[in-house]
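Undergrad: File name my_file_19.cif; file contents mmCIF, C-alpha atoms; full text below.
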```cif
data_coords
#
loop_
_atom_site.label_atom_id
_atom_site.label_comp_id
_atom_site.auth_asym_id
_atom_site.auth_seq_id
_atom_site.Cartn_x
_atom_site.Cartn_y
_atom_site.Cartn_z
CA MET A 197 36.04 20.22 127.94
CA ARG A 198 37.05 16.88 126.39
CA LYS A 199 38.08 15.50 129.79
CA THR A 200 34.63 16.33 131.21
CA PHE A 201 32.93 14.57 128.28
CA VAL A 202 35.10 11.46 128.70
CA MET A 203 34.39 11.39 132.43
CA ARG A 204 30.64 11.57 131.79
CA VAL A 205 30.73 8.85 129.14
CA LEU A 206 32.70 6.46 131.38
CA LEU A 207 31.63 7.32 134.92
CA VAL A 208 27.87 7.79 134.54
CA PRO A 209 27.31 4.27 133.13
CA PHE A 210 29.68 2.86 135.77
CA PHE A 211 27.65 4.34 138.64
CA LEU A 212 24.38 3.24 137.04
CA LEU A 213 25.66 -0.34 136.90
CA LEU A 214 26.95 -0.06 140.46
CA GLY A 215 23.43 0.89 141.58
CA ILE A 216 21.95 -2.10 139.77
CA PHE A 217 24.47 -4.45 141.39
CA SER A 218 23.79 -3.02 144.83
CA ALA A 219 20.05 -3.55 144.45
CA GLN A 220 20.53 -7.09 143.15
CA SER A 221 22.94 -8.12 145.92
CA ASN A 222 21.04 -6.57 148.82
CA PRO A 223 20.68 -9.26 151.54
CA LEU A 224 17.16 -8.04 152.31
CA THR A 225 15.99 -9.01 148.83
CA LYS A 226 15.14 -12.55 147.73
CA MET A 227 18.06 -14.89 148.40
CA GLN A 228 19.30 -17.08 145.53
CA PRO A 229 21.15 -20.36 145.97
CA LEU A 230 24.93 -20.11 145.60
CA GLN A 231 25.02 -22.48 142.64
CA ASP A 232 22.36 -23.46 140.14
CA THR A 233 23.70 -25.80 137.50
CA SER A 234 20.33 -27.14 136.42
CA LEU A 235 19.89 -24.50 133.72
CA ARG A 236 22.12 -23.16 130.98
CA ALA A 237 22.63 -19.40 131.40
CA LYS A 238 20.88 -17.56 128.52
CA SER A 239 20.53 -13.79 128.24
CA VAL A 240 19.24 -11.12 125.91
CA TYR A 241 20.59 -7.61 126.23
CA VAL A 242 20.89 -4.23 124.54
CA GLU A 243 24.38 -2.89 124.11
CA TYR A 244 26.06 0.40 123.34
CA GLY A 245 29.50 0.06 121.76
CA GLY A 246 31.24 -3.28 121.54
CA PRO A 247 31.69 -5.50 118.49
CA SER A 248 28.63 -4.16 116.65
CA ALA A 249 30.20 -0.67 116.61
CA ILE A 250 27.35 1.30 118.23
CA TYR A 251 23.90 -0.12 119.11
CA SER A 252 22.90 -3.79 119.19
CA VAL A 253 20.54 -6.40 120.59
CA THR A 254 22.38 -9.59 121.51
CA TYR A 255 21.56 -13.16 122.59
CA ASP A 256 24.15 -14.90 124.80
CA THR A 257 24.26 -18.53 125.97
CA ARG A 258 26.67 -20.88 127.75
CA PHE A 259 27.67 -24.16 126.08
CA THR A 260 27.21 -26.13 129.33
CA ARG A 261 24.65 -26.06 132.13
CA SER A 262 26.44 -23.44 134.18
CA ASN A 263 26.71 -19.75 134.84
CA ASN A 264 30.34 -19.55 133.71
CA GLY A 265 32.69 -21.10 131.16
CA TRP A 266 32.53 -21.06 127.36
CA GLY A 267 29.62 -19.51 125.51
CA LEU A 268 28.43 -17.82 122.34
CA ARG A 269 26.89 -14.43 121.66
CA ALA A 270 25.27 -13.23 118.45
CA GLY A 271 23.33 -10.10 117.69
CA VAL A 272 22.09 -7.50 115.29
CA GLY A 273 23.35 -3.95 115.46
CA PHE A 274 22.96 -0.66 113.71
CA LEU A 275 25.10 2.42 113.27
CA PRO A 276 23.09 5.51 112.34
CA SER A 277 25.00 7.84 110.03
CA GLN A 278 23.39 10.94 108.51
CA GLY A 279 19.97 9.33 108.21
CA ILE A 280 21.27 5.97 106.94
CA ASN A 281 21.09 2.92 109.22
CA ASN A 282 24.12 0.71 108.73
CA ILE A 283 23.56 -2.91 109.81
CA SER A 284 26.01 -5.16 111.64
CA VAL A 285 25.90 -8.81 112.77
CA PRO A 286 28.44 -9.47 115.56
CA VAL A 287 29.26 -13.06 116.60
CA GLN A 288 31.69 -13.90 119.42
CA VAL A 289 32.83 -16.90 121.42
CA ASN A 290 33.35 -15.82 125.02
CA TYR A 291 34.52 -17.17 128.35
CA LEU A 292 33.20 -16.19 131.78
CA LEU A 293 35.65 -16.56 134.65
CA GLY A 294 34.27 -16.28 138.16
CA SER A 295 31.65 -17.71 140.44
CA THR A 296 28.26 -16.77 141.83
CA ARG A 297 27.16 -13.55 140.10
CA HIS A 298 30.35 -11.61 139.25
CA PHE A 299 32.47 -12.54 136.23
CA PHE A 300 35.41 -11.44 134.13
CA GLU A 301 34.38 -11.85 130.49
CA ALA A 302 36.75 -12.29 127.54
CA GLY A 303 35.61 -12.84 123.95
CA ALA A 304 36.80 -13.02 120.36
CA GLY A 305 34.84 -13.00 117.12
CA ALA A 306 33.92 -11.29 113.90
CA THR A 307 31.34 -8.74 112.77
CA PHE A 308 29.69 -8.49 109.36
CA PHE A 309 28.93 -4.84 108.50
CA HIS A 310 26.83 -3.58 105.59
CA GLY A 311 25.94 0.00 104.81
CA ASN A 312 27.18 3.37 103.66
CA GLN A 313 30.69 3.67 105.03
CA THR A 314 31.40 7.00 103.33
CA ASN A 315 29.89 9.14 106.08
CA SER A 316 30.83 6.98 109.06
CA TRP A 317 34.12 6.45 110.86
CA PHE A 318 34.51 3.16 108.97
CA GLY A 319 36.28 5.05 106.23
CA PRO A 320 36.30 6.39 102.71
CA GLN A 321 34.60 3.45 101.00
CA LYS A 322 31.19 3.72 99.40
CA GLU A 323 28.19 1.52 100.17
CA GLY A 324 29.16 -2.09 100.63
CA SER A 325 30.06 -4.82 103.09
CA LEU A 326 33.05 -5.71 105.20
CA VAL A 327 34.01 -8.11 107.99
CA PHE A 328 36.20 -7.10 110.92
CA GLY A 329 37.56 -8.96 113.94
CA SER A 330 36.87 -8.15 117.58
CA LEU A 331 38.36 -8.85 121.03
CA SER A 332 36.41 -7.97 124.19
CA ALA A 333 37.22 -7.88 127.89
CA GLY A 334 35.20 -6.63 130.82
CA TYR A 335 33.02 -7.21 133.85
CA ARG A 336 29.67 -9.03 133.79
CA TYR A 337 27.04 -9.22 136.50
CA GLN A 338 24.74 -12.19 135.90
CA PRO A 339 22.23 -13.56 138.43
CA LEU A 340 22.20 -17.27 139.22
CA GLN A 341 18.68 -17.77 137.94
CA ARG A 342 16.46 -15.14 136.31
CA GLY A 343 17.05 -11.42 136.53
CA ILE A 344 18.79 -8.32 135.26
CA THR A 345 22.26 -8.69 133.74
CA ALA A 346 24.79 -5.93 133.14
CA ARG A 347 28.13 -5.71 131.35
CA ILE A 348 30.83 -3.07 131.01
CA GLY A 349 34.24 -3.24 129.34
CA MET A 350 36.34 -2.54 126.25
CA THR A 351 36.25 -4.01 122.75
CA GLY A 352 39.02 -3.76 120.20
CA ILE A 353 38.11 -4.04 116.52
CA ALA A 354 40.43 -4.43 113.54
CA GLY A 355 39.67 -4.72 109.87
CA PRO A 356 39.55 -3.22 106.39
CA PHE A 357 38.10 0.14 107.42
CA ASN A 358 40.00 3.44 107.51
CA ASN A 359 43.03 1.91 105.76
CA ASN A 360 43.15 -1.29 107.86
CA SER A 361 43.00 0.43 111.23
CA VAL A 362 42.37 -0.67 114.79
CA ALA A 363 39.91 0.97 117.19
CA ALA A 364 39.07 0.53 120.87
CA LEU A 365 35.46 1.01 121.89
CA PRO A 366 33.94 0.94 125.37
CA HIS A 367 30.82 -1.19 125.73
CA ILE A 368 27.98 -1.19 128.21
CA SER A 369 24.91 -3.38 128.17
CA VAL A 370 21.85 -4.20 130.23
CA GLY A 371 19.66 -7.24 129.73
CA TYR A 372 17.74 -10.11 131.25
CA ARG A 373 18.80 -13.66 132.06
CA PHE A 374 16.12 -16.29 131.58
#
```
Would you give me this structure, written as structure tokens?

TA:
Amino acid sequence: MRKTFVMRVLLVPFFLLLGIFSAQSNPLTKMQPLQDTSLRAKSVYVEYGGPSAIYSVTYDTRFTRSNNGWGLRAGVGFLPSQGINNISVPVQVNYLLGSTRHFFEAGAGATFFHGNQTNSWFGPQKEGSLVFGSLSAGYRYQPLQRGITARIGMTGIAGPFNNNSVAALPHISVGYRF
């Protein structure tokens, strides 16, 4: 039973993203130039998992006028727990390695979390705040100009929750590059 659940959680989003990539890279659709360095890549996306713990809306930008290289992402997330919305603010520096539209993404940062941690997997503490570190790695599809972006990967978080534990969370996100 657990194996079936894990397969659904991991494979269904993977095939959804694969469908998006296939539609975006279809040669019959509008062709994009191979390189566009006139604009800095900026995106907004919704994410499940990752450094915010569960749900988030994130803004991502590159430091230079390119589609790859160093960048920054910051967002606002929430973790619903028995009717209480816990708030998180993840911030990461990331690096995109690749060319054209397909990238390997690696990032590191910190997340501020505030809420009721008693009834969540964050541990036995009562209402309050904490900061934990995060490391992310995964695949990113990002068009050269405007269009749909998608990300999938794993994020490790470590901090003062559940007796200073470490957790690995999958992440998946869909957004728009402008």

Undergrad: Running the PyMOL selection byres ((chain A and resi 254) around 8) on this model by hand, what would come out? Give it as JSON, numbers by chain.

TA: {"A": [240, 241, 242, 243, 252, 253, 255, 256, 269, 270, 271, 272]}

Undergrad: Any idea what the distance is between atom CA of Ser361 of chain A and atom CA of Gly329 of chain A?

TA: 11.2 Å

Undergrad: Can you translate the PyMOL selection byres ((chain A and resi 347) around 9) into the concrete residues it hits in this file, as a ChimeraX atom specification?

TA: /A:213,243,301,334-338,345-346,348-349,367-371

Undergrad: I would like the residues chosen by the PyMOL selection byres ((chain A and resi 325) around 7) on the shown file; could you give them as a ChimeraX atom specification?

TA: /A:309-311,324,326

Undergrad: Identify which of the residues A:Ser239, A:Ser332, A:Ser295, A:Ser284 lies closest to Gly265 of chain A, counting all atoms listed in the file when measuring atom-to-atom distances.

TA: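 Checking each of A:Ser239, A:Ser332, A:Ser295, A:Ser284 against Gly265 of chain A, counting all atoms listed in the file, the winner is A:Ser295.
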
Undergrad: Distance cut-off 10 Å, centre (36.0, -17.4, 127.1) in file coordinates, counting all atoms listed in the file: which residues qualify? Return them as a ChimeraX atom specification.

TA: /A:258,264-268,288-293,300-304,332-333

Undergrad: Based on the selection just made, write C-alpha atoms of those residues as a PDB file, in the coordinates of the input.

TA:
```pdb
ATOM      1  CA  ARG A 258      26.670 -20.880 127.750  1.00  0.00           C
ATOM      2  CA  ASN A 264      30.340 -19.550 133.710  1.00  0.00           C
ATOM      3  CA  GLY A 265      32.690 -21.100 131.160  1.00  0.00           C
ATOM      4  CA  TRP A 266      32.530 -21.060 127.360  1.00  0.00           C
ATOM      5  CA  GLY A 267      29.620 -19.510 125.510  1.00  0.00           C
ATOM      6  CA  LEU A 268      28.430 -17.820 122.340  1.00  0.00           C
ATOM      7  CA  GLN A 288      31.690 -13.900 119.420  1.00  0.00           C
ATOM      8  CA  VAL A 289      32.830 -16.900 121.420  1.00  0.00           C
ATOM      9  CA  ASN A 290      33.350 -15.820 125.020  1.00  0.00           C
ATOM     10  CA  TYR A 291      34.520 -17.170 128.350  1.00  0.00           C
ATOM     11  CA  LEU A 292      33.200 -16.190 131.780  1.00  0.00           C
ATOM     12  CA  LEU A 293      35.650 -16.560 134.650  1.00  0.00           C
ATOM     13  CA  PHE A 300      35.410 -11.440 134.130  1.00  0.00           C
ATOM     14  CA  GLU A 301      34.380 -11.850 130.490  1.00  0.00           C
ATOM     15  CA  ALA A 302      36.750 -12.290 127.540  1.00  0.00           C
ATOM     16  CA  GLY A 303      35.610 -12.840 123.950  1.00  0.00           C
ATOM     17  CA  ALA A 304      36.800 -13.020 120.360  1.00  0.00           C
ATOM     18  CA  SER A 332      36.410  -7.970 124.190  1.00  0.00           C
ATOM     19  CA  ALA A 333      37.220  -7.880 127.890  1.00  0.00           C
TER      20      ALA A 333
END
```

Undergrad: Dump as a list in words all residues having an atom at most 8 Å from (30.5, -4.3, 119.2), computed in the file's coordinates with all atoms listed in the file.

TA: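 Residues satisfying the cut-off, written out: Glu243, Tyr244, Gly245, Gly246, Pro247, Ser248, Ala249, Ile250, Tyr251, Ser252, Pro286, Thr307, Ser330, Thr351, Leu365 and His367 of chain A.
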
Undergrad: Might you pull out every residue within 8 Å of Pro339 of chain A, with only C-alpha atoms counted and same-chain residues fewer than 5 positions away left off, and present them as a PyMOL selection string?

TA: chain A and resi 296-297+344-345+373

Undergrad: Might I get the box with edges along x, y and z of the file that holds all atoms of segment 322-341 of chain A listed there, padded by 5 Å on every side, given as centre and edge lengths in Å to one decimal, as JSON?

TA:
```
{"center_x": 28.5, "center_y": -7.0, "center_z": 119.3, "size_x": 29.7, "size_y": 31.5, "size_z": 49.8}
```
